[in-house]
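Listing of coords_28.txt; format and content: compact mmCIF, C-alpha atoms.
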# COMPACT_ATOMS: atom_id res chain seq x y z
CA MET A 1 -103.30 1.35 45.65
CA ASN A 2 -104.37 0.02 49.03
CA LYS A 3 -104.23 2.95 51.44
CA GLU A 4 -104.73 0.67 54.42
CA PHE A 5 -101.55 -1.21 53.47
CA TRP A 6 -99.48 1.92 54.08
CA ARG A 7 -100.90 2.80 57.48
CA GLY A 8 -98.06 2.52 60.01
CA LYS A 9 -95.49 1.30 57.46
CA LYS A 10 -91.98 2.63 58.02
CA VAL A 11 -90.77 4.08 54.73
CA PHE A 12 -87.30 5.40 53.91
CA ILE A 13 -86.94 7.73 50.91
CA THR A 14 -83.65 8.92 49.48
CA GLY A 15 -84.03 12.19 47.59
CA HIS A 16 -87.03 13.41 49.58
CA THR A 17 -85.95 17.04 49.17
CA GLY A 18 -86.31 16.78 45.39
CA PHE A 19 -89.39 17.40 43.28
CA LYS A 20 -90.64 13.80 42.96
CA GLY A 21 -89.35 12.84 46.40
CA GLY A 22 -91.24 15.72 48.02
CA TRP A 23 -94.53 14.75 46.40
CA LEU A 24 -94.01 11.09 47.39
CA SER A 25 -93.21 12.03 51.00
CA LEU A 26 -96.33 14.18 51.24
CA TRP A 27 -98.53 11.45 49.77
CA LEU A 28 -97.16 8.69 51.98
CA ASN A 29 -97.59 10.77 55.11
CA ASP A 30 -101.17 11.57 54.13
CA ILE A 31 -102.06 7.87 53.89
CA GLY A 32 -100.56 7.07 57.26
CA ALA A 33 -96.98 5.94 56.61
CA ASN A 34 -94.10 6.90 58.89
CA VAL A 35 -91.67 8.58 56.52
CA THR A 36 -87.95 9.17 56.91
CA GLY A 37 -86.12 11.06 54.19
CA PHE A 38 -82.38 11.14 53.45
CA ALA A 39 -81.04 13.67 50.97
CA LEU A 40 -78.95 16.73 50.29
CA PRO A 41 -80.59 20.09 51.03
CA PRO A 42 -83.08 21.24 48.38
CA ALA A 43 -81.23 22.12 45.19
CA THR A 44 -83.42 25.13 44.35
CA LYS A 45 -84.92 28.14 46.05
CA PRO A 46 -87.88 28.03 46.15
CA SER A 47 -88.47 24.28 46.35
CA PHE A 48 -91.49 22.02 46.74
CA PHE A 49 -89.89 20.62 49.90
CA ASP A 50 -89.77 24.02 51.62
CA ILE A 51 -93.00 25.49 50.28
CA CYS A 52 -95.05 22.45 51.31
CA SER A 53 -93.22 21.95 54.64
CA VAL A 54 -92.48 18.33 53.82
CA ASP A 55 -90.26 18.07 56.89
CA SER A 56 -93.18 18.95 59.19
CA SER A 57 -94.57 15.43 58.83
CA ALA A 58 -91.52 13.41 57.85
CA LYS A 59 -88.23 12.88 59.61
CA SER A 60 -85.71 14.67 57.43
CA ILE A 61 -82.04 13.67 57.46
CA ILE A 62 -79.61 15.77 55.45
CA GLY A 63 -77.01 13.45 53.98
CA ASP A 64 -75.29 12.29 50.81
CA VAL A 65 -75.93 8.86 49.26
CA ARG A 66 -72.25 8.80 48.29
CA ASP A 67 -71.47 8.55 52.03
CA TYR A 68 -71.86 4.81 52.52
CA THR A 69 -71.13 4.78 56.25
CA GLY A 70 -73.56 7.58 57.05
CA LEU A 71 -76.28 6.21 54.78
CA LYS A 72 -76.03 2.67 56.16
CA LYS A 73 -76.18 3.91 59.75
CA CYS A 74 -79.31 5.95 59.06
CA ILE A 75 -81.07 3.00 57.39
CA GLN A 76 -80.12 0.70 60.25
CA ASP A 77 -81.22 3.25 62.86
CA GLU A 78 -84.62 3.77 61.19
CA SER A 79 -85.24 0.06 60.38
CA PRO A 80 -87.65 0.77 57.50
CA ASP A 81 -90.04 -1.76 55.98
CA ILE A 82 -89.86 -0.25 52.49
CA LEU A 83 -87.24 1.87 50.76
CA PHE A 84 -87.60 4.14 47.73
CA HIS A 85 -84.29 5.19 46.18
CA MET A 86 -84.81 8.49 44.35
CA ALA A 87 -81.65 10.48 45.16
CA ALA A 88 -79.77 11.25 41.96
CA GLN A 89 -78.13 13.83 39.76
CA ALA A 90 -81.20 14.15 37.57
CA LEU A 91 -80.39 16.61 34.77
CA VAL A 92 -79.03 15.69 31.35
CA LEU A 93 -77.31 19.05 30.74
CA ASP A 94 -75.68 19.03 34.18
CA SER A 95 -74.24 15.61 33.42
CA TYR A 96 -72.30 17.13 30.54
CA LYS A 97 -70.94 19.81 32.88
CA ASP A 98 -69.99 17.44 35.70
CA PRO A 99 -69.94 13.80 34.58
CA ILE A 100 -67.87 12.71 37.61
CA GLU A 101 -70.49 13.87 40.11
CA THR A 102 -73.22 12.31 37.96
CA TYR A 103 -71.56 8.89 37.93
CA GLU A 104 -70.50 9.06 41.59
CA THR A 105 -74.05 9.85 42.69
CA ASN A 106 -76.04 7.67 40.30
CA LEU A 107 -73.79 4.61 40.34
CA MET A 108 -72.23 4.55 43.80
CA GLY A 109 -75.41 5.88 45.36
CA THR A 110 -77.17 2.79 44.00
CA VAL A 111 -74.39 0.50 45.23
CA ASN A 112 -74.49 2.08 48.69
CA ILE A 113 -78.27 1.64 48.96
CA LEU A 114 -78.19 -1.99 47.85
CA ASN A 115 -75.28 -2.87 50.09
CA SER A 116 -76.91 -1.11 53.06
CA ILE A 117 -80.05 -3.21 52.88
CA ARG A 118 -77.94 -6.36 52.93
CA GLU A 119 -77.21 -5.41 56.53
CA CYS A 120 -80.68 -4.16 57.44
CA PRO A 121 -83.07 -7.11 57.91
CA SER A 122 -86.14 -4.90 58.39
CA VAL A 123 -86.24 -3.92 54.69
CA LYS A 124 -88.65 -6.12 52.74
CA ALA A 125 -89.00 -4.06 49.55
CA LEU A 126 -86.79 -1.69 47.56
CA VAL A 127 -87.88 0.33 44.54
CA ASN A 128 -84.95 1.92 42.72
CA ILE A 129 -86.28 4.77 40.58
CA THR A 130 -84.15 5.23 37.48
CA SER A 131 -85.35 6.82 34.22
CA ASP A 132 -86.84 6.22 30.80
CA LYS A 133 -83.49 7.43 29.48
CA CYS A 134 -81.77 4.23 30.68
CA TYR A 135 -82.55 2.57 27.35
CA GLU A 136 -80.26 2.55 24.33
CA ASN A 137 -82.22 5.08 22.30
CA ILE A 138 -82.64 3.93 18.70
CA GLU A 139 -85.62 6.24 18.04
CA LYS A 140 -87.99 3.30 18.45
CA LEU A 141 -91.55 4.14 17.37
CA SER A 142 -93.34 1.42 19.32
CA GLY A 143 -92.01 2.37 22.76
CA TYR A 144 -89.34 0.68 24.85
CA ILE A 145 -90.20 -2.45 26.80
CA GLU A 146 -88.44 -3.52 29.99
CA GLU A 147 -86.34 -6.16 28.21
CA ASP A 148 -84.82 -3.67 25.76
CA ARG A 149 -81.11 -2.95 25.87
CA MET A 150 -79.66 -0.49 28.36
CA GLY A 151 -77.61 2.38 26.94
CA GLY A 152 -77.42 6.16 27.07
CA PHE A 153 -75.64 8.68 24.86
CA ASP A 154 -74.99 11.26 27.58
CA PRO A 155 -73.52 10.73 31.07
CA TYR A 156 -76.88 11.08 32.81
CA SER A 157 -78.66 8.55 30.60
CA SER A 158 -75.84 6.03 30.72
CA SER A 159 -75.59 6.41 34.51
CA LYS A 160 -79.23 5.39 34.78
CA GLY A 161 -78.60 2.38 32.57
CA CYS A 162 -75.69 1.50 34.86
CA SER A 163 -77.93 1.86 37.92
CA GLU A 164 -80.27 -0.67 36.34
CA LEU A 165 -77.42 -3.11 35.71
CA ILE A 166 -76.08 -2.67 39.25
CA THR A 167 -79.53 -3.41 40.68
CA ALA A 168 -79.87 -6.50 38.49
CA ALA A 169 -76.46 -7.77 39.65
CA TYR A 170 -77.26 -7.29 43.36
CA ARG A 171 -80.65 -8.87 42.89
CA ALA A 172 -79.18 -11.94 41.18
CA SER A 173 -76.28 -12.24 43.63
CA PHE A 174 -77.84 -11.39 47.01
CA PHE A 175 -81.63 -11.09 46.64
CA ASN A 176 -82.42 -13.70 44.02
CA PRO A 177 -86.18 -14.20 43.58
CA LYS A 178 -85.59 -17.96 43.44
CA GLU A 179 -84.30 -17.76 47.02
CA TYR A 180 -86.99 -15.35 48.24
CA LEU A 181 -88.07 -17.60 51.11
CA GLU A 182 -84.56 -17.31 52.54
CA HIS A 183 -83.97 -13.54 52.29
CA GLY A 184 -87.55 -12.15 52.00
CA VAL A 185 -86.57 -9.02 50.07
CA GLY A 186 -88.20 -7.81 46.84
CA ILE A 187 -86.12 -5.51 44.64
CA ALA A 188 -87.38 -3.74 41.52
CA THR A 189 -86.48 -0.81 39.30
CA ALA A 190 -88.97 1.76 38.01
CA ARG A 191 -88.56 3.76 34.82
CA SER A 192 -90.87 6.72 34.32
CA GLY A 193 -91.30 9.35 31.66
CA ASN A 194 -90.85 13.13 31.86
CA VAL A 195 -92.78 14.27 34.92
CA ILE A 196 -94.40 17.66 35.32
CA GLY A 197 -96.41 19.17 38.15
CA GLY A 198 -96.47 22.00 40.61
CA GLY A 199 -93.39 22.86 42.63
CA ASP A 200 -90.59 22.11 40.17
CA TRP A 201 -87.98 24.85 39.93
CA SER A 202 -85.14 22.84 38.41
CA LYS A 203 -83.06 24.67 35.85
CA ASN A 204 -83.30 23.77 32.18
CA ARG A 205 -86.69 22.11 32.61
CA LEU A 206 -89.62 23.08 30.47
CA ILE A 207 -92.34 23.93 33.00
CA PRO A 208 -90.15 25.98 35.38
CA ASP A 209 -88.75 27.89 32.38
CA LEU A 210 -92.27 28.54 31.06
CA TYR A 211 -93.43 29.77 34.46
CA LYS A 212 -90.51 32.18 34.74
CA ALA A 213 -91.06 33.49 31.20
CA ILE A 214 -94.76 34.08 31.80
CA LEU A 215 -94.12 35.97 35.05
CA SER A 216 -91.42 38.14 33.49
CA ASN A 217 -93.47 38.68 30.32
CA THR A 218 -90.59 37.54 28.15
CA ALA A 219 -90.33 35.02 25.34
CA ILE A 220 -89.17 31.50 26.13
CA THR A 221 -86.58 29.73 24.04
CA ILE A 222 -86.93 25.94 23.89
CA ARG A 223 -84.53 23.20 22.82
CA ASN A 224 -85.60 20.39 20.48
CA PRO A 225 -89.19 21.67 20.02
CA TYR A 226 -90.31 18.64 18.04
CA ALA A 227 -88.72 16.03 20.26
CA THR A 228 -91.34 13.70 21.71
CA ARG A 229 -91.34 12.70 25.36
CA PRO A 230 -93.61 10.58 27.59
CA TRP A 231 -94.92 13.57 29.58
CA GLN A 232 -97.00 12.73 32.64
CA HIS A 233 -98.15 14.32 35.88
CA VAL A 234 -95.80 13.56 38.77
CA LEU A 235 -98.52 11.64 40.61
CA GLU A 236 -98.83 9.11 37.78
CA PRO A 237 -95.46 7.36 38.23
CA LEU A 238 -95.65 7.82 42.01
CA SER A 239 -98.85 5.81 42.05
CA GLY A 240 -96.99 3.15 40.09
CA TYR A 241 -94.12 3.12 42.59
CA LEU A 242 -96.55 2.73 45.50
CA ASN A 243 -98.38 -0.06 43.71
CA LEU A 244 -95.12 -1.83 42.93
CA ALA A 245 -93.81 -1.49 46.49
CA GLU A 246 -96.97 -3.09 47.87
CA LYS A 247 -96.58 -6.04 45.52
CA LEU A 248 -92.88 -6.41 46.41
CA PHE A 249 -93.62 -6.33 50.13
CA VAL A 250 -96.31 -9.01 49.89
CA ASN A 251 -94.77 -11.26 47.23
CA GLY A 252 -91.40 -10.00 46.12
CA SER A 253 -90.48 -13.12 44.19
CA ASP A 254 -93.14 -12.38 41.56
CA PHE A 255 -92.40 -8.68 41.06
CA SER A 256 -88.62 -8.27 41.48
CA GLU A 257 -88.08 -6.95 37.98
CA SER A 258 -87.94 -3.69 36.03
CA TRP A 259 -91.14 -1.74 35.29
CA ASN A 260 -92.14 1.12 32.98
CA PHE A 261 -94.58 3.84 34.10
CA GLY A 262 -95.58 6.29 31.38
CA PRO A 263 -98.58 7.89 29.68
CA ASN A 264 -100.83 6.30 27.11
CA PHE A 265 -99.38 6.36 23.60
CA ASP A 266 -101.89 8.96 22.44
CA ASP A 267 -100.70 11.32 25.20
CA VAL A 268 -97.05 11.33 24.10
CA GLN A 269 -96.37 14.90 22.96
CA THR A 270 -93.65 17.13 21.57
CA VAL A 271 -91.89 19.75 23.66
CA HIS A 272 -93.59 22.43 21.56
CA ASP A 273 -97.04 20.91 22.17
CA VAL A 274 -96.60 20.96 25.94
CA ALA A 275 -95.20 24.49 25.92
CA THR A 276 -98.06 25.79 23.77
CA LYS A 277 -100.73 24.10 25.89
CA PHE A 278 -99.24 25.43 29.13
CA VAL A 279 -99.10 29.02 27.84
CA THR A 280 -102.68 28.74 26.54
CA GLN A 281 -103.92 27.24 29.83
CA TRP A 282 -102.32 30.10 31.73
CA GLY A 283 -103.97 32.66 29.44
CA SER A 284 -100.64 34.23 28.51
CA ASP A 285 -99.40 35.61 25.20
CA THR A 286 -95.80 34.58 25.92
CA SER A 287 -94.09 33.75 22.64
CA ILE A 288 -92.14 30.54 22.11
CA ASN A 289 -88.82 30.69 20.27
CA ILE A 290 -86.56 27.89 19.12
CA GLU A 291 -82.94 27.68 20.23
CA SER A 292 -80.19 27.57 17.63
CA LYS A 293 -78.65 24.13 17.13
CA ILE A 294 -75.13 25.53 17.22
CA SER A 295 -73.07 23.78 19.92
CA ARG A 296 -76.14 22.22 21.49
CA PRO A 297 -75.42 19.04 23.51
CA HIS A 298 -77.01 15.87 22.14
CA GLU A 299 -80.53 15.03 23.34
CA ALA A 300 -82.79 12.28 22.00
CA ASN A 301 -85.58 13.24 19.57
CA LEU A 302 -87.96 10.32 20.11
CA LEU A 303 -88.60 8.59 23.41
CA THR A 304 -91.69 6.60 24.37
CA LEU A 305 -92.42 3.82 26.84
CA ASP A 306 -94.50 0.68 26.47
CA CYS A 307 -96.23 0.22 29.84
CA SER A 308 -98.31 -2.84 28.97
CA LYS A 309 -96.44 -4.95 31.51
CA ALA A 310 -97.40 -2.69 34.44
CA ILE A 311 -100.96 -2.39 33.10
CA GLU A 312 -101.39 -6.15 32.85
CA ARG A 313 -99.52 -7.41 35.90
CA LEU A 314 -99.67 -4.54 38.40
CA LYS A 315 -103.14 -3.41 37.30
CA TRP A 316 -101.73 0.12 37.12
CA SER A 317 -102.73 2.59 34.42
CA PRO A 318 -102.49 6.33 33.72
CA GLN A 319 -105.39 8.22 35.29
CA VAL A 320 -105.16 11.79 33.95
CA ASN A 321 -104.73 12.74 30.30
CA SER A 322 -102.42 15.41 28.92
CA GLU A 323 -105.00 18.21 29.21
CA GLU A 324 -105.70 17.39 32.88
CA THR A 325 -101.97 17.08 33.54
CA ILE A 326 -101.24 20.54 32.18
CA LYS A 327 -104.26 22.06 33.95
CA MET A 328 -103.26 20.58 37.33
CA THR A 329 -99.72 21.86 36.85
CA CYS A 330 -100.84 25.31 35.75
CA ASP A 331 -103.36 25.55 38.62
CA TRP A 332 -100.61 24.80 41.17
CA TYR A 333 -98.32 27.57 39.91
CA LYS A 334 -101.21 30.03 39.59
CA PHE A 335 -102.24 29.39 43.19
CA PHE A 336 -98.66 29.85 44.34
CA ASN A 337 -98.29 33.00 42.26
CA LYS A 338 -101.28 34.58 44.04
CA GLY A 339 -99.19 34.59 47.20
CA GLU A 340 -101.06 31.74 48.80
CA THR A 341 -99.07 30.36 51.72
CA ASP A 342 -100.76 27.00 52.30
CA MET A 343 -99.37 25.16 49.28
CA ARG A 344 -99.19 22.01 51.35
CA SER A 345 -102.99 21.84 51.58
CA PHE A 346 -103.37 22.69 47.90
CA SER A 347 -100.93 19.90 46.98
CA LEU A 348 -102.79 17.45 49.22
CA ASP A 349 -106.03 18.46 47.49
CA GLN A 350 -104.46 17.54 44.15
CA ILE A 351 -103.31 14.21 45.58
CA ARG A 352 -106.83 13.48 46.81
CA TYR A 353 -108.27 14.49 43.45
CA TYR A 354 -105.91 12.02 41.83
CA GLU A 355 -106.90 9.34 44.36
CA SER A 356 -110.54 9.89 43.42
CA ALA A 357 -109.63 9.21 39.79
CA LEU A 358 -108.04 5.93 40.92
CA ILE A 359 -111.25 4.96 42.71
CA GLU A 360 -113.53 5.97 39.84
CA LYS A 361 -111.53 4.04 37.25

Would you kindly transcribe this structure into C-alpha cells?
Amino acid sequence: MNKEFWRGKKVFITGHTGFKGGWLSLWLNDIGANVTGFALPPATKPSFFDICSVDSSAKSIIGDVRDYTGLKKCIQDESPDILFHMAAQALVLDSYKDPIETYETNLMGTVNILNSIRECPSVKALVNITSDKCYENIEKLSGYIEEDRMGGFDPYSSSKGCSELITAAYRASFFNPKEYLEHGVGIATARSGNVIGGGDWSKNRLIPDLYKAILSNTAITIRNPYATRPWQHVLEPLSGYLNLAEKLFVNGSDFSESWNFGPNFDDVQTVHDVATKFVTQWGSDTSINIESKISRPHEANLLTLDCSKAIERLKWSPQVNSEETIKMTCDWYKFFNKGETDMRSFSLDQIRYYESALIEK
C-alpha cells in the first residue's frame, strides 16, 4: 500500500457506520484521504463508529443506498475520486427473517451505486465489497477461485452472488475494460472471509457473543462448531481493498475483475477453534456449548478462499496469523472493558502496528 497515493484523495464510502466501514474510514483518514461516508445510523449500541468518533474526521451523511436520488446527489456533490461500496444487509440469519430487505439493499443498493457513477465523471475507481459467501458452496476443499460459479443457499449469500453479477453486467455494458481509454473507470469486486476485530457488536456473530458471555460469566452456545471459515483480522481485507483501489485508479483496465482476500490455508479454522482460542487468550473459564440442530437455518460447513490471484497480481498477502488476529481482537475488547475512553487512538495504534507488518514483510 502506497500511503502517499492516498494523501488528498477524495474517497466516498457507503456503509461507513458499520464495523468494516468504520475501520476503513479511520485508516483512510489517518493516511491523509478526505473521506465522506454515506450510510444508515449505526445498527448497534455501542458501535465502532461511535466509540472511535469516526465522524470527527470524516464527513458523515446519514442515508439509505436504496434511495437512488439521494445517493446520486450525494456522490455528485462530493465528486469523489474513489468509491468503496460496503453498505449491505450483512447477516445470514437476518436474511432468513427479512429476505425482502436483504435483496432490496444488496441488489438495488449495488445498482444504485453503479448507475450513480455513470453520472459522476470524477469517479475513477469503484471497489464493490461483496462476500466469500457469493460462491455456490459445494464444500470445496481446495478453496474457491474468482472464476467459480456464483450461488448461495440463503438469501444473504445469494444476494451477494447477485451483486457480483450486477457489477459484471454494468462493467461489461458501461465500463468495459476494453474501452478504458474512453471512460477511465476501473470497477472491481472484492470477496473477503469472516472478519474479526475490535468494535464489532453485531448480533449472532461469534466474537461479540463471546465477549458478552465472558463479561456476564455465562456459557456461550455456538452454532456449527466444526464449520470451517476463512477467519481474518478486519485489517487484512481492508489492506487488500486499498491495494486494489490504487491499482484500479492507476490502470483500471488491468484490474477490473473480481478478487479474493482471505487468510493462508493453514490459518483456516473451525468456529470451535476460534472460540476456544479467544476464551483462552482472555484468560476466562467461560464454557462453550453446542446449539441443538433442531430447526436451525442452513449454514455452510466448509468455506475457504484461494487468494493466489491477489498474491500474484496485486502483491497482497496476509500479514498476521490466527494467533495474532485473536490477540489483537482480544486486546481491543480488554482495553475497552477497562473503561478506556480513547478507543480511537488504540484502534489507530493497531492500524499502525499492522502497517509496520506490511513494511517488514

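Considering the residues A:Leu305, A:Leu248, A:Val271, A:Ile290 and counting all atoms listed in the file, Ser192 in chain A has its shortest atom-to-atom contact with A:Leu305.
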
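The coordinates place CA of Ser317 in chain A at 22.1 Å from CA of Gly22 in chain A.
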
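In this model, the gap between CA of Thr69 in chain A and CA of Lys124 in chain A comes to 20.9 Å.
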
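Counting only C-alpha atoms, the residue from A:Glu104, A:Glu119, A:Asp273, A:Asp209 that sits nearest to Gln89 in chain A is A:Glu104.
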
Could you please give me, as a ChimeraX atom specification, the residues of protein, DNA or RNA lying at most 8 Å from (-80.9, -2.6, 27.7) in the coordinate frame of the file, considering only C-alpha atoms? /A:134-136,146-151,161

Generate the output file for the selected residues, C-alpha atoms, as a tab-separated table (two decimals), keeping the file's coordinate frame.
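File selection10.tsv, as written:
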chain	number	residue	atom	x	y	z
A	134	CYS	CA	-81.77	4.23	30.68
A	135	TYR	CA	-82.55	2.57	27.35
A	136	GLU	CA	-80.26	2.55	24.33
A	146	GLU	CA	-88.44	-3.52	29.99
A	147	GLU	CA	-86.34	-6.16	28.21
A	148	ASP	CA	-84.82	-3.67	25.76
A	149	ARG	CA	-81.11	-2.95	25.87
A	150	MET	CA	-79.66	-0.49	28.36
A	151	GLY	CA	-77.61	2.38	26.94
A	161	GLY	CA	-78.60	2.38	32.57

With only C-alpha atoms counted, which protein, DNA or RNA residues have an atom no more than 12 Å from (-90.6, 13.5, 46.0) in the file frame? Please answer as a PyMOL selection string. chain A and resi 12-29+35+37-39+42+47-50+52+54-55+58+84-88+129+195+197-200+234-235+237-239+241

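Here CA of Ile196 in chain A and CA of Thr218 in chain A stand 21.5 Å from one another.
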
Tell me, as a list in words, which residues lie within 9 Å of Leu303 in chain A, counting only C-alpha atoms; anything in the same chain fewer than 2 positions away does not count. Asp132, Lys133, Asn137, Ile138, Glu139, Lys140, Leu141, Gly143, Tyr144, Gly193, Ala227, Thr228, Arg229, Pro230, Val268, Ala300, Asn301 and Leu305 of chain A

Could those selected residues go to a file with C-alpha atoms, as a tab-separated table (two decimals), in the frame of the given file?
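The result, written out as out15.tsv:
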chain	number	residue	atom	x	y	z
A	132	ASP	CA	-86.84	6.22	30.80
A	133	LYS	CA	-83.49	7.43	29.48
A	137	ASN	CA	-82.22	5.08	22.30
A	138	ILE	CA	-82.64	3.93	18.70
A	139	GLU	CA	-85.62	6.24	18.04
A	140	LYS	CA	-87.99	3.30	18.45
A	141	LEU	CA	-91.55	4.14	17.37
A	143	GLY	CA	-92.01	2.37	22.76
A	144	TYR	CA	-89.34	0.68	24.85
A	193	GLY	CA	-91.30	9.35	31.66
A	227	ALA	CA	-88.72	16.03	20.26
A	228	THR	CA	-91.34	13.70	21.71
A	229	ARG	CA	-91.34	12.70	25.36
A	230	PRO	CA	-93.61	10.58	27.59
A	268	VAL	CA	-97.05	11.33	24.10
A	300	ALA	CA	-82.79	12.28	22.00
A	301	ASN	CA	-85.58	13.24	19.57
A	305	LEU	CA	-92.42	3.82	26.84

Determine, counting all atoms listed in the file, which protein, DNA and RNA residues have an atom within 12 Å of an atom of range 164-172 of chain A; residues of the same chain fewer than 4 positions away are not included. Present the result as JSON, numbers by chain. {"A": [85, 106, 107, 108, 109, 110, 111, 112, 113, 114, 115, 116, 117, 118, 125, 126, 127, 128, 129, 130, 131, 132, 133, 134, 135, 146, 147, 148, 149, 150, 151, 152, 157, 158, 159, 160, 176, 177, 178, 179, 180, 183, 184, 185, 186, 187, 188, 189, 190, 191, 252, 253, 255, 256, 257, 258, 259]}

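Nearest residue to Thr105 in chain A among A:Cys120, A:Leu40, A:Leu215, A:Ile145 is A:Leu40, counting only C-alpha atoms.
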